[in-house]
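Peer 1: Contents of model_23.json (JSON, C-alpha atoms and all ligand atoms) are below:
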```json
[["chain", "number", "residue", "atom", "x", "y", "z"],
["A", 756, "MET", "CA", 0.00, 0.00, 0.00],
["A", 757, "ASP", "CA", 1.24, 3.51, -0.84],
["A", 758, "THR", "CA", 1.52, 5.82, 2.15],
["A", 759, "GLU", "CA", 2.26, 9.54, 2.36],
["A", 760, "PRO", "CA", 4.74, 11.07, 4.82],
["A", 761, "ASN", "CA", 2.21, 13.64, 5.99],
["A", 762, "ALA", "CA", -1.20, 12.10, 5.40],
["A", 763, "PRO", "CA", -3.71, 14.77, 6.40],
["A", 764, "VAL", "CA", -5.64, 14.63, 9.67],
["A", 765, "SER", "CA", -8.78, 15.33, 7.70],
["A", 766, "VAL", "CA", -12.03, 13.74, 6.56],
["A", 767, "ASP", "CA", -12.37, 16.06, 3.58],
["A", 768, "GLY", "CA", -14.16, 14.22, 0.77],
["A", 769, "LYS", "CA", -15.15, 11.23, 2.92],
["A", 770, "THR", "CA", -18.68, 10.02, 3.64],
["A", 771, "ALA", "CA", -19.70, 9.27, 7.22],
["A", 772, "VAL", "CA", -22.62, 7.83, 9.16],
["A", 773, "VAL", "CA", -22.85, 8.84, 12.82],
["A", 774, "ILE", "CA", -25.31, 6.73, 14.83],
["A", 775, "GLY", "CA", -26.39, 8.59, 17.95],
["A", 776, "GLY", "CA", -25.41, 11.68, 15.98],
["A", 777, "THR", "CA", -28.24, 14.01, 16.91],
["A", 778, "ARG", "CA", -27.02, 14.92, 20.39],
["A", 779, "GLY", "CA", -23.95, 15.25, 22.57],
["A", 780, "ILE", "CA", -20.72, 13.63, 21.46],
["A", 781, "GLY", "CA", -22.17, 12.10, 18.28],
["A", 782, "ARG", "CA", -23.59, 15.43, 17.13],
["A", 783, "ALA", "CA", -20.25, 17.17, 17.78],
["A", 784, "ILE", "CA", -18.47, 14.50, 15.72],
["A", 785, "ALA", "CA", -21.00, 14.80, 12.90],
["A", 786, "LEU", "CA", -20.69, 18.61, 12.80],
["A", 787, "GLY", "CA", -16.88, 18.37, 13.11],
["A", 788, "PHE", "CA", -16.76, 16.00, 10.14],
["A", 789, "ALA", "CA", -19.01, 18.32, 8.11],
["A", 790, "ALA", "CA", -16.92, 21.39, 8.94],
["A", 791, "ASP", "CA", -13.87, 19.47, 7.73],
["A", 792, "GLY", "CA", -15.44, 18.66, 4.34],
["A", 793, "ALA", "CA", -17.17, 15.29, 4.83],
["A", 794, "ASP", "CA", -20.69, 14.39, 3.79],
["A", 795, "VAL", "CA", -22.52, 13.07, 6.83],
["A", 796, "VAL", "CA", -25.66, 11.23, 7.89],
["A", 797, "ALA", "CA", -26.32, 11.89, 11.60],
["A", 798, "THR", "CA", -29.02, 9.61, 12.92],
["A", 799, "SER", "CA", -31.04, 8.53, 15.95],
["A", 800, "ARG", "CA", -34.61, 7.36, 16.55],
["A", 801, "SER", "CA", -36.22, 10.82, 16.42],
["A", 802, "ARG", "CA", -37.26, 12.20, 13.04],
["A", 803, "ASP", "CA", -37.31, 15.76, 14.43],
["A", 804, "ALA", "CA", -33.84, 15.48, 15.95],
["A", 805, "VAL", "CA", -32.50, 14.08, 12.66],
["A", 806, "ALA", "CA", -34.06, 16.98, 10.73],
["A", 807, "ASP", "CA", -32.53, 19.53, 13.14],
["A", 808, "VAL", "CA", -29.00, 18.16, 12.88],
["A", 809, "ALA", "CA", -29.37, 17.73, 9.10],
["A", 810, "ALA", "CA", -30.03, 21.48, 8.85],
["A", 811, "GLU", "CA", -26.85, 22.14, 10.85],
["A", 812, "LEU", "CA", -24.87, 19.79, 8.60],
["A", 813, "ARG", "CA", -26.13, 21.56, 5.47],
["A", 814, "GLU", "CA", -25.16, 24.94, 6.98],
["A", 815, "ARG", "CA", -21.60, 23.58, 7.12],
["A", 816, "GLY", "CA", -21.74, 22.60, 3.44],
["A", 817, "ALA", "CA", -22.26, 18.85, 3.87],
["A", 818, "ALA", "CA", -24.53, 16.69, 1.80],
["A", 819, "THR", "CA", -26.76, 14.62, 4.07],
["A", 820, "ALA", "CA", -29.90, 12.49, 4.20],
["A", 821, "GLU", "CA", -32.52, 12.49, 6.92],
["A", 822, "LEU", "CA", -32.55, 8.88, 8.11],
["A", 823, "THR", "CA", -33.70, 7.52, 11.46],
["A", 824, "CYS", "CA", -32.25, 4.43, 13.12],
["A", 825, "ASP", "CA", -32.80, 2.38, 16.27],
["A", 826, "VAL", "CA", -29.69, 0.43, 17.25],
["A", 827, "THR", "CA", -31.80, -2.14, 19.10],
["A", 828, "ASP", "CA", -33.28, -3.23, 15.75],
["A", 829, "THR", "CA", -31.13, -5.06, 13.18],
["A", 830, "GLU", "CA", -33.48, -4.25, 10.28],
["A", 831, "SER", "CA", -33.38, -0.57, 11.16],
["A", 832, "ILE", "CA", -29.56, -0.53, 11.04],
["A", 833, "GLU", "CA", -29.50, -2.41, 7.75],
["A", 834, "ALA", "CA", -32.04, 0.00, 6.27],
["A", 835, "LEU", "CA", -29.87, 2.93, 7.42],
["A", 836, "ARG", "CA", -26.80, 1.35, 5.81],
["A", 837, "ASP", "CA", -28.58, 0.71, 2.52],
["A", 838, "ALA", "CA", -30.04, 4.23, 2.38],
["A", 839, "ALA", "CA", -26.69, 5.85, 3.22],
["A", 840, "ILE", "CA", -24.95, 3.85, 0.50],
["A", 841, "GLU", "CA", -27.69, 4.78, -1.96],
["A", 842, "THR", "CA", -27.27, 8.46, -1.03],
["A", 843, "PHE", "CA", -23.47, 8.67, -1.10],
["A", 844, "GLY", "CA", -22.49, 5.68, -3.27],
["A", 845, "GLY", "CA", -20.56, 4.24, -0.32],
["A", 846, "VAL", "CA", -19.67, 4.83, 3.33],
["A", 847, "ASP", "CA", -16.09, 5.52, 4.43],
["A", 848, "VAL", "CA", -16.64, 6.14, 8.14],
["A", 849, "LEU", "CA", -19.08, 4.73, 10.72],
["A", 850, "VAL", "CA", -19.31, 6.19, 14.22],
["A", 851, "ASN", "CA", -21.25, 4.34, 16.92],
["A", 852, "SER", "CA", -22.21, 6.89, 19.58],
["A", 853, "ALA", "CA", -25.69, 5.80, 20.74],
["A", 854, "GLY", "CA", -25.79, 5.31, 24.49],
["A", 855, "ALA", "CA", -28.02, 4.55, 27.46],
["A", 856, "VAL", "CA", -27.10, 4.50, 31.13],
["A", 857, "ALA", "CA", -28.97, 2.96, 34.06],
["A", 858, "THR", "CA", -28.05, 4.53, 37.38],
["A", 859, "SER", "CA", -28.98, 1.96, 40.05],
["A", 860, "ALA", "CA", -26.85, -0.03, 42.45],
["A", 861, "VAL", "CA", -26.59, -3.63, 41.30],
["A", 862, "THR", "CA", -28.98, -4.76, 44.04],
["A", 863, "GLU", "CA", -31.65, -2.43, 42.61],
["A", 864, "LEU", "CA", -30.91, -2.95, 38.91],
["A", 865, "SER", "CA", -33.85, -4.49, 37.05],
["A", 866, "ASP", "CA", -33.53, -7.00, 34.22],
["A", 867, "GLU", "CA", -35.00, -4.37, 31.92],
["A", 868, "GLU", "CA", -32.41, -1.71, 32.88],
["A", 869, "TRP", "CA", -29.57, -4.22, 32.48],
["A", 870, "GLN", "CA", -30.90, -5.38, 29.12],
["A", 871, "ARG", "CA", -31.38, -1.83, 27.82],
["A", 872, "ASP", "CA", -27.80, -0.73, 28.56],
["A", 873, "ILE", "CA", -26.38, -3.91, 27.02],
["A", 874, "ASP", "CA", -28.70, -3.69, 24.02],
["A", 875, "VAL", "CA", -28.01, -0.03, 23.20],
["A", 876, "CYS", "CA", -24.36, 0.30, 24.24],
["A", 877, "LEU", "CA", -22.99, -3.13, 23.29],
["A", 878, "THR", "CA", -25.27, -5.19, 21.06],
["A", 879, "GLY", "CA", -26.13, -2.07, 19.05],
["A", 880, "VAL", "CA", -22.43, -1.56, 18.30],
["A", 881, "PHE", "CA", -22.15, -5.22, 17.26],
["A", 882, "ARG", "CA", -25.19, -4.91, 14.98],
["A", 883, "ALA", "CA", -23.80, -1.79, 13.31],
["A", 884, "CYS", "CA", -20.28, -3.23, 12.90],
["A", 885, "ARG", "CA", -21.77, -6.35, 11.32],
["A", 886, "ALA", "CA", -24.12, -4.47, 8.99],
["A", 887, "PHE", "CA", -21.60, -1.87, 7.81],
["A", 888, "GLY", "CA", -18.70, -4.36, 7.84],
["A", 889, "ARG", "CA", -20.57, -6.38, 5.23],
["A", 890, "ALA", "CA", -20.94, -3.38, 2.93],
["A", 891, "MET", "CA", -17.95, -1.05, 3.41],
["A", 892, "SER", "CA", -15.12, -1.89, 1.02],
["A", 893, "GLU", "CA", -12.63, 0.13, 3.09],
["A", 894, "GLY", "CA", -12.61, 2.82, 5.73],
["A", 895, "SER", "CA", -12.84, 3.33, 9.46],
["A", 896, "ILE", "CA", -15.26, 2.37, 12.24],
["A", 897, "ILE", "CA", -15.13, 4.33, 15.50],
["A", 898, "ASN", "CA", -16.97, 3.06, 18.57],
["A", 899, "ILE", "CA", -17.60, 5.46, 21.45],
["A", 900, "SER", "CA", -16.69, 3.51, 24.57],
["A", 901, "SER", "CA", -16.03, 5.14, 27.95],
["A", 902, "MET", "CA", -13.30, 5.35, 30.57],
["A", 903, "SER", "CA", -15.94, 3.59, 32.72],
["A", 904, "ALA", "CA", -14.99, 0.38, 30.88],
["A", 905, "ASP", "CA", -11.93, 0.14, 33.13],
["A", 906, "GLN", "CA", -13.24, 1.73, 36.32],
["A", 907, "ALA", "CA", -15.08, 0.67, 39.45],
["A", 908, "ARG", "CA", -17.99, 3.08, 39.28],
["A", 909, "GLU", "CA", -20.89, 2.99, 41.69],
["A", 910, "GLU", "CA", -24.40, 2.46, 40.30],
["A", 911, "ARG", "CA", -23.16, 1.76, 36.77],
["A", 912, "ALA", "CA", -22.95, -2.06, 36.65],
["A", 913, "ALA", "CA", -24.71, -2.51, 33.31],
["A", 914, "TYR", "CA", -23.02, 0.50, 31.70],
["A", 915, "CYS", "CA", -19.50, -0.50, 32.81],
["A", 916, "ALA", "CA", -20.11, -4.08, 31.65],
["A", 917, "ALA", "CA", -21.39, -2.85, 28.29],
["A", 918, "LYS", "CA", -18.45, -0.50, 27.75],
["A", 919, "SER", "CA", -15.91, -3.18, 28.73],
["A", 920, "GLY", "CA", -17.67, -5.29, 26.11],
["A", 921, "VAL", "CA", -17.30, -2.50, 23.55],
["A", 922, "ASN", "CA", -13.54, -2.50, 24.08],
["A", 923, "GLY", "CA", -13.31, -6.26, 23.57],
["A", 924, "LEU", "CA", -15.68, -6.09, 20.61],
["A", 925, "THR", "CA", -13.61, -3.31, 19.03],
["A", 926, "ARG", "CA", -10.40, -5.33, 19.19],
["A", 927, "ALA", "CA", -12.07, -8.49, 17.83],
["A", 928, "VAL", "CA", -13.90, -6.69, 15.02],
["A", 929, "ALA", "CA", -10.67, -4.91, 14.08],
["A", 930, "ALA", "CA", -9.09, -8.33, 13.54],
["A", 931, "ASP", "CA", -12.05, -9.56, 11.49],
["A", 932, "LEU", "CA", -12.30, -6.50, 9.24],
["A", 933, "ALA", "CA", -8.56, -5.92, 8.68],
["A", 934, "PRO", "CA", -6.85, -4.93, 6.51],
["A", 935, "ASP", "CA", -9.48, -2.93, 4.64],
["A", 936, "ILE", "CA", -11.50, -1.48, 7.52],
["A", 937, "ARG", "CA", -9.84, -0.06, 10.64],
["A", 938, "VAL", "CA", -11.83, -0.34, 13.87],
["A", 939, "ASN", "CA", -11.01, 1.71, 16.97],
["A", 940, "ALA", "CA", -12.75, 3.07, 20.03],
["A", 941, "ILE", "CA", -12.62, 6.38, 21.83],
["A", 942, "ALA", "CA", -13.01, 6.16, 25.61],
["A", 943, "PRO", "CA", -14.06, 9.61, 26.82],
["A", 944, "GLY", "CA", -13.88, 10.78, 30.39],
["A", 945, "PHE", "CA", -16.57, 13.10, 31.68],
["A", 946, "VAL", "CA", -18.19, 15.10, 28.88],
["A", 947, "LYS", "CA", -20.85, 17.76, 29.43],
["A", 948, "THR", "CA", -23.87, 16.33, 27.56],
["A", 949, "GLU", "CA", -27.52, 15.61, 28.27],
["A", 950, "MET", "CA", -26.61, 12.01, 29.12],
["A", 951, "ALA", "CA", -24.15, 13.17, 31.78],
["A", 952, "GLY", "CA", -26.95, 15.23, 33.30],
["A", 953, "PRO", "CA", -26.92, 17.99, 35.94],
["A", 954, "LYS", "CA", -24.33, 16.20, 38.12],
["A", 955, "LEU", "CA", -21.64, 17.76, 35.94],
["A", 956, "ASP", "CA", -22.98, 21.31, 36.32],
["A", 957, "ASP", "CA", -20.48, 23.82, 37.75],
["A", 958, "GLY", "CA", -20.44, 23.79, 41.55],
["A", 959, "THR", "CA", -21.96, 20.37, 42.31],
["A", 960, "ALA", "CA", -20.03, 18.22, 44.80],
["A", 961, "PHE", "CA", -19.66, 15.51, 42.16],
["A", 962, "ARG", "CA", -18.24, 18.00, 39.67],
["A", 963, "GLU", "CA", -15.76, 19.30, 42.24],
["A", 964, "THR", "CA", -14.49, 15.76, 42.81],
["A", 965, "VAL", "CA", -14.20, 15.18, 39.07],
["A", 966, "ASP", "CA", -12.27, 18.42, 38.60],
["A", 967, "GLU", "CA", -9.92, 17.52, 41.47],
["A", 968, "ARG", "CA", -9.17, 14.16, 39.88],
["A", 969, "THR", "CA", -8.62, 15.66, 36.42],
["A", 970, "PRO", "CA", -5.27, 17.33, 35.69],
["A", 971, "MET", "CA", -7.06, 19.48, 33.10],
["A", 972, "GLU", "CA", -9.25, 20.63, 36.06],
["A", 973, "ARG", "CA", -12.53, 20.42, 34.15],
["A", 974, "VAL", "CA", -14.80, 18.17, 32.12],
["A", 975, "ALA", "CA", -14.68, 17.97, 28.32],
["A", 976, "THR", "CA", -16.94, 19.62, 25.80],
["A", 977, "PRO", "CA", -18.30, 17.28, 23.10],
["A", 978, "ASP", "CA", -16.15, 19.12, 20.52],
["A", 979, "GLU", "CA", -13.04, 17.92, 22.34],
["A", 980, "ILE", "CA", -13.94, 14.31, 21.53],
["A", 981, "ALA", "CA", -14.60, 15.14, 17.85],
["A", 982, "GLY", "CA", -10.93, 15.87, 17.11],
["A", 983, "THR", "CA", -9.92, 12.33, 18.01],
["A", 984, "ALA", "CA", -12.70, 11.00, 15.78],
["A", 985, "VAL", "CA", -11.42, 13.11, 12.86],
["A", 986, "TYR", "CA", -7.94, 11.67, 13.44],
["A", 987, "LEU", "CA", -9.13, 8.05, 13.60],
["A", 988, "ALA", "CA", -11.27, 8.50, 10.48],
["A", 989, "SER", "CA", -8.43, 10.16, 8.56],
["A", 990, "ASP", "CA", -5.65, 8.70, 6.45],
["A", 991, "ALA", "CA", -3.19, 9.91, 9.12],
["A", 992, "ALA", "CA", -4.38, 6.94, 11.22],
["A", 993, "SER", "CA", -3.83, 4.40, 8.41],
["A", 994, "PHE", "CA", -1.90, 1.94, 10.66],
["A", 995, "THR", "CA", -4.06, 2.37, 13.76],
["A", 996, "THR", "CA", -6.60, -0.38, 14.39],
["A", 997, "GLY", "CA", -7.92, -2.30, 17.39],
["A", 998, "GLU", "CA", -7.03, 0.59, 19.70],
["A", 999, "ILE", "CA", -8.96, 2.16, 22.55],
["A", 1000, "ILE", "CA", -7.97, 5.83, 22.74],
["A", 1001, "THR", "CA", -8.73, 7.46, 26.08],
["A", 1002, "VAL", "CA", -9.67, 11.16, 26.04],
["A", 1003, "ASP", "CA", -10.20, 12.04, 29.68],
["A", 1004, "GLY", "CA", -8.10, 15.10, 30.53],
["A", 1005, "GLY", "CA", -5.75, 12.81, 32.47],
["A", 1006, "TYR", "CA", -8.50, 11.71, 34.91],
["A", 1007, "ASP", "CA", -7.06, 9.64, 37.77],
["A", 1008, "ASP", "CA", -9.59, 7.58, 39.69],
["A", 1009, "SER", "CA", -7.20, 7.16, 42.61],
["A", 1010, "ALA", "CA", -6.38, 10.89, 42.96],
["A", 1011, "GLN", "CA", -7.56, 12.40, 46.25],
["B", 1101, "LIG", "N1", -21.21, 12.21, 28.35],
["B", 1101, "LIG", "C1", -20.24, 11.54, 28.93],
["B", 1101, "LIG", "O1", -19.68, 11.95, 29.99],
["B", 1101, "LIG", "C2", -19.73, 10.26, 28.29],
["B", 1101, "LIG", "C3", -18.53, 9.74, 28.77],
["B", 1101, "LIG", "C4", -18.02, 8.57, 28.21],
["B", 1101, "LIG", "C5", -18.71, 7.95, 27.18],
["B", 1101, "LIG", "N2", -19.87, 8.46, 26.72],
["B", 1101, "LIG", "C6", -20.53, 7.74, 25.63],
["B", 1101, "LIG", "O2", -20.62, 8.59, 24.51],
["B", 1101, "LIG", "C7", -21.77, 8.22, 23.73],
["B", 1101, "LIG", "C8", -22.62, 9.46, 23.52],
["B", 1101, "LIG", "O3", -23.03, 9.94, 24.79],
["B", 1101, "LIG", "P1", -23.59, 11.41, 25.01],
["B", 1101, "LIG", "O4", -23.14, 11.86, 26.33],
["B", 1101, "LIG", "O5", -23.33, 12.22, 23.80],
["B", 1101, "LIG", "O6", -25.15, 11.06, 25.13],
["B", 1101, "LIG", "P2", -26.47, 11.77, 24.58],
["B", 1101, "LIG", "O7", -27.59, 11.18, 25.35],
["B", 1101, "LIG", "O8", -26.30, 13.25, 24.55],
["B", 1101, "LIG", "O9", -26.53, 11.26, 23.07],
["B", 1101, "LIG", "C9", -26.80, 9.91, 22.79],
["B", 1101, "LIG", "C10", -27.36, 9.80, 21.39],
["B", 1101, "LIG", "O10", -27.71, 8.42, 21.17],
["B", 1101, "LIG", "C11", -29.02, 8.36, 20.65],
["B", 1101, "LIG", "N3", -29.65, 7.08, 20.98],
["B", 1101, "LIG", "C12", -29.98, 6.60, 22.21],
["B", 1101, "LIG", "N4", -30.58, 5.40, 22.08],
["B", 1101, "LIG", "C13", -30.59, 5.11, 20.75],
["B", 1101, "LIG", "C14", -31.07, 4.00, 19.98],
["B", 1101, "LIG", "N5", -31.70, 2.95, 20.56],
["B", 1101, "LIG", "N6", -30.91, 4.04, 18.65],
["B", 1101, "LIG", "C15", -30.31, 5.09, 18.04],
["B", 1101, "LIG", "N7", -29.86, 6.17, 18.71],
["B", 1101, "LIG", "C16", -29.99, 6.17, 20.05],
["B", 1101, "LIG", "C17", -29.74, 9.57, 21.29],
["B", 1101, "LIG", "O11", -30.90, 9.92, 20.56],
["B", 1101, "LIG", "C18", -28.64, 10.61, 21.18],
["B", 1101, "LIG", "O12", -28.60, 11.18, 19.87],
["B", 1101, "LIG", "C19", -22.48, 7.12, 24.51],
["B", 1101, "LIG", "O13", -22.11, 5.87, 24.00],
["B", 1101, "LIG", "C20", -21.94, 7.30, 25.91],
["B", 1101, "LIG", "O14", -21.99, 6.11, 26.64],
["B", 1101, "LIG", "C21", -20.39, 9.60, 27.25]]
```
Would you write the structure of this file as structure tokens?

Peer 2:
Amino acid sequence: MDTEPNAPVSVDGKTAVVIGGTRGIGRAIALGFAADGADVVATSRSRDAVADVAAELRERGAATAELTCDVTDTESIEALRDAAIETFGGVDVLVNSAGAVATSAVTELSDEEWQRDIDVCLTGVFRACRAFGRAMSEGSIINISSMSADQAREERAAYCAAKSGVNGLTRAVAADLAPDIRVNAIAPGFVKTEMAGPKLDDGTAFRETVDERTPMERVATPDEIAGTAVYLASDAASFTTGEIITVDGGYDDSAQ
């Protein structure tokens, strides 16, 4: 394979599908890709949310299509894939950013809560990797994991289990889809999004603890995760696969 000494950290001219792309980290990645010259489908279950982010993508000059998707439904993911390929002629980049988080101690966690976190955060990533892996001839898949995959977090049993699974899945899928498709994960630390909720607002006790444990002394904005996604999707990352890249401001769980 021919390589360039300074392959650009850019997605200019690429086509991308961002699942869970209408809010938070996924939306920031979708808009970051569009601002850098990619054409982008940003999708979730809500038709209105998809229309809103599509308007933002068009403002940044991207071609897009308004497609909904539910990662708990294999047919829905396959329909998304087929429609995206029909729109763009092919897909170069897939981002899996859909998420759900149950916040109960394990003794209170219901079967339904457990199943939902696993279904959205883990099985949904599997379904999307399988569907797009069958159709992409080359390119990059980026799964949004979490630093929680490797942490002992209270009241997050299903979420931590799912994210640990995403890391294992990422490495295994990278082996299956090599050499044509690279598969990596980003493991963010705390990011100020709707999923993170009011606990991360300035001044809460939880936020103060997080800031103390973070050398960067703050939480991330969603845009700060998008840069790593641009890198992983770009030709500059042409030999990077099966990696879990942590973006957590240096967060140290053991720091007091
Ligand atoms: N916010 C954080 O601090 C943080 C930290 C580490 C990892 N993450 C991970 O980053 C990802 C994005 O999180 P976020 O904070 O941006 O959350 P968010 O709630 O703001 O966005 C999640 C997106 O996923 C979509 N979604 C949820 N269920 C779906 C389904 N069944 N099918 C399709 N789309 C669905 C939502 O509509 C939304 O667009 C998640 O995987 C999350 O676990 C978040």

Peer 1: Pick the closest to ligand LIG 1101 (chain B) from A:Val921, A:Val796, A:Ile784, A:Ala951: which is it, counting only C-alpha atoms and all ligand atoms?

Peer 2: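 Ranked by minimum distance to ligand LIG 1101 (chain B), first place goes to A:Ala951.
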
Peer 1: Leaving out Asp825 in chain A and any residue of its chain fewer than 3 positions from it, which residues lie within 10 Å of it when counting only C-alpha atoms, given as a list in words?

Peer 2: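 The residues satisfying every condition are Ile774, Gly775, Thr798, Ser799, Arg800, Ser801, Asp828, Thr829, Glu830, Ser831, Ile832, Leu835, Ala853, Val875 and Gly879 of chain A.
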
Peer 1: Could the residues in this selection be saved with C-alpha atoms as a PDB file, in the frame of the given file?

Peer 2:
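Full text of result-v4.pdb as output:
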```pdb
ATOM      1  CA  ILE A 774     -25.310   6.730  14.830  1.00  0.00           C
ATOM      2  CA  GLY A 775     -26.390   8.590  17.950  1.00  0.00           C
ATOM      3  CA  THR A 798     -29.020   9.610  12.920  1.00  0.00           C
ATOM      4  CA  SER A 799     -31.040   8.530  15.950  1.00  0.00           C
ATOM      5  CA  ARG A 800     -34.610   7.360  16.550  1.00  0.00           C
ATOM      6  CA  SER A 801     -36.220  10.820  16.420  1.00  0.00           C
ATOM      7  CA  ASP A 828     -33.280  -3.230  15.750  1.00  0.00           C
ATOM      8  CA  THR A 829     -31.130  -5.060  13.180  1.00  0.00           C
ATOM      9  CA  GLU A 830     -33.480  -4.250  10.280  1.00  0.00           C
ATOM     10  CA  SER A 831     -33.380  -0.570  11.160  1.00  0.00           C
ATOM     11  CA  ILE A 832     -29.560  -0.530  11.040  1.00  0.00           C
ATOM     12  CA  LEU A 835     -29.870   2.930   7.420  1.00  0.00           C
ATOM     13  CA  ALA A 853     -25.690   5.800  20.740  1.00  0.00           C
ATOM     14  CA  VAL A 875     -28.010  -0.030  23.200  1.00  0.00           C
ATOM     15  CA  GLY A 879     -26.130  -2.070  19.050  1.00  0.00           C
TER      16      GLY A 879
END
```

Peer 1: What is the CA of Ala818 in chain A-atom C13 of ligand LIG 1101 (chain B) distance in Å, reported with one decimal?

Peer 2: 23.0 Å

Peer 1: Could you check which of A:Leu786, A:Leu822, A:Val846, A:Ala916 is closest to Asp803 in chain A, using only C-alpha atoms?

Peer 2: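 Of A:Leu786, A:Leu822, A:Val846, A:Ala916, the one nearest Asp803 in chain A is A:Leu822, counting only C-alpha atoms.
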
Peer 1: For a quick check of understanding, using all atoms listed in the file, which of A:Ser892, A:Thr770, A:Ser903, A:Ser865 has the smallest distance to ligand LIG 1101 (chain B)?

Peer 2: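 Result for the nearest residue to ligand LIG 1101 (chain B): A:Ser903.
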
Peer 1: May I have the protein, DNA and RNA residues with an atom at most 12 Å from (-28.4, 21.5, 11.7), counting all atoms listed in the file in the file's coordinates, returned as a ChimeraX atom specification?

Peer 2: /A:776-778,782-783,785-786,789-790,795-798,803-821

Peer 1: Please produce a file of the residues just selected, as a JSON list (two decimals), in the frame of the given file, where the atoms kept are C-alpha atoms.

Peer 2:
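Writing the result to selection10.json gives the following:
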```json
[["chain", "number", "residue", "atom", "x", "y", "z"],
["A", 776, "GLY", "CA", -25.41, 11.68, 15.98],
["A", 777, "THR", "CA", -28.24, 14.01, 16.91],
["A", 778, "ARG", "CA", -27.02, 14.92, 20.39],
["A", 782, "ARG", "CA", -23.59, 15.43, 17.13],
["A", 783, "ALA", "CA", -20.25, 17.17, 17.78],
["A", 785, "ALA", "CA", -21.00, 14.80, 12.90],
["A", 786, "LEU", "CA", -20.69, 18.61, 12.80],
["A", 789, "ALA", "CA", -19.01, 18.32, 8.11],
["A", 790, "ALA", "CA", -16.92, 21.39, 8.94],
["A", 795, "VAL", "CA", -22.52, 13.07, 6.83],
["A", 796, "VAL", "CA", -25.66, 11.23, 7.89],
["A", 797, "ALA", "CA", -26.32, 11.89, 11.60],
["A", 798, "THR", "CA", -29.02, 9.61, 12.92],
["A", 803, "ASP", "CA", -37.31, 15.76, 14.43],
["A", 804, "ALA", "CA", -33.84, 15.48, 15.95],
["A", 805, "VAL", "CA", -32.50, 14.08, 12.66],
["A", 806, "ALA", "CA", -34.06, 16.98, 10.73],
["A", 807, "ASP", "CA", -32.53, 19.53, 13.14],
["A", 808, "VAL", "CA", -29.00, 18.16, 12.88],
["A", 809, "ALA", "CA", -29.37, 17.73, 9.10],
["A", 810, "ALA", "CA", -30.03, 21.48, 8.85],
["A", 811, "GLU", "CA", -26.85, 22.14, 10.85],
["A", 812, "LEU", "CA", -24.87, 19.79, 8.60],
["A", 813, "ARG", "CA", -26.13, 21.56, 5.47],
["A", 814, "GLU", "CA", -25.16, 24.94, 6.98],
["A", 815, "ARG", "CA", -21.60, 23.58, 7.12],
["A", 816, "GLY", "CA", -21.74, 22.60, 3.44],
["A", 817, "ALA", "CA", -22.26, 18.85, 3.87],
["A", 818, "ALA", "CA", -24.53, 16.69, 1.80],
["A", 819, "THR", "CA", -26.76, 14.62, 4.07],
["A", 820, "ALA", "CA", -29.90, 12.49, 4.20],
["A", 821, "GLU", "CA", -32.52, 12.49, 6.92]]
```

Peer 1: Can I get range 924-932 of chain A with N, CA, C and O atoms filled in, as a compact mmCIF listing (two decimals), keeping the file's coordinate frame?

Peer 2:
```txt
# COMPACT_ATOMS: atom_id res chain seq x y z
N LEU A 924 -15.06 -5.99 21.94
CA LEU A 924 -15.68 -6.09 20.61
C LEU A 924 -14.84 -5.33 19.58
O LEU A 924 -14.59 -5.82 18.47
N THR A 925 -14.39 -4.14 19.96
CA THR A 925 -13.61 -3.31 19.03
C THR A 925 -12.35 -4.04 18.58
O THR A 925 -12.03 -4.07 17.39
N ARG A 926 -11.63 -4.64 19.55
CA ARG A 926 -10.40 -5.33 19.19
C ARG A 926 -10.68 -6.54 18.29
O ARG A 926 -9.97 -6.79 17.32
N ALA A 927 -11.75 -7.29 18.62
CA ALA A 927 -12.07 -8.49 17.83
C ALA A 927 -12.55 -8.13 16.43
O ALA A 927 -12.14 -8.75 15.44
N VAL A 928 -13.38 -7.10 16.34
CA VAL A 928 -13.90 -6.69 15.02
C VAL A 928 -12.77 -6.12 14.18
O VAL A 928 -12.72 -6.31 12.96
N ALA A 929 -11.82 -5.43 14.83
CA ALA A 929 -10.67 -4.91 14.08
C ALA A 929 -9.91 -6.06 13.41
O ALA A 929 -9.46 -5.94 12.27
N ALA A 930 -9.78 -7.18 14.13
CA ALA A 930 -9.09 -8.33 13.54
C ALA A 930 -9.89 -8.92 12.38
O ALA A 930 -9.34 -9.28 11.34
N ASP A 931 -11.21 -8.99 12.55
CA ASP A 931 -12.05 -9.56 11.49
C ASP A 931 -12.06 -8.70 10.24
O ASP A 931 -12.11 -9.23 9.12
N LEU A 932 -12.09 -7.39 10.39
CA LEU A 932 -12.30 -6.50 9.24
C LEU A 932 -10.99 -5.99 8.63
O LEU A 932 -11.01 -5.29 7.62
```
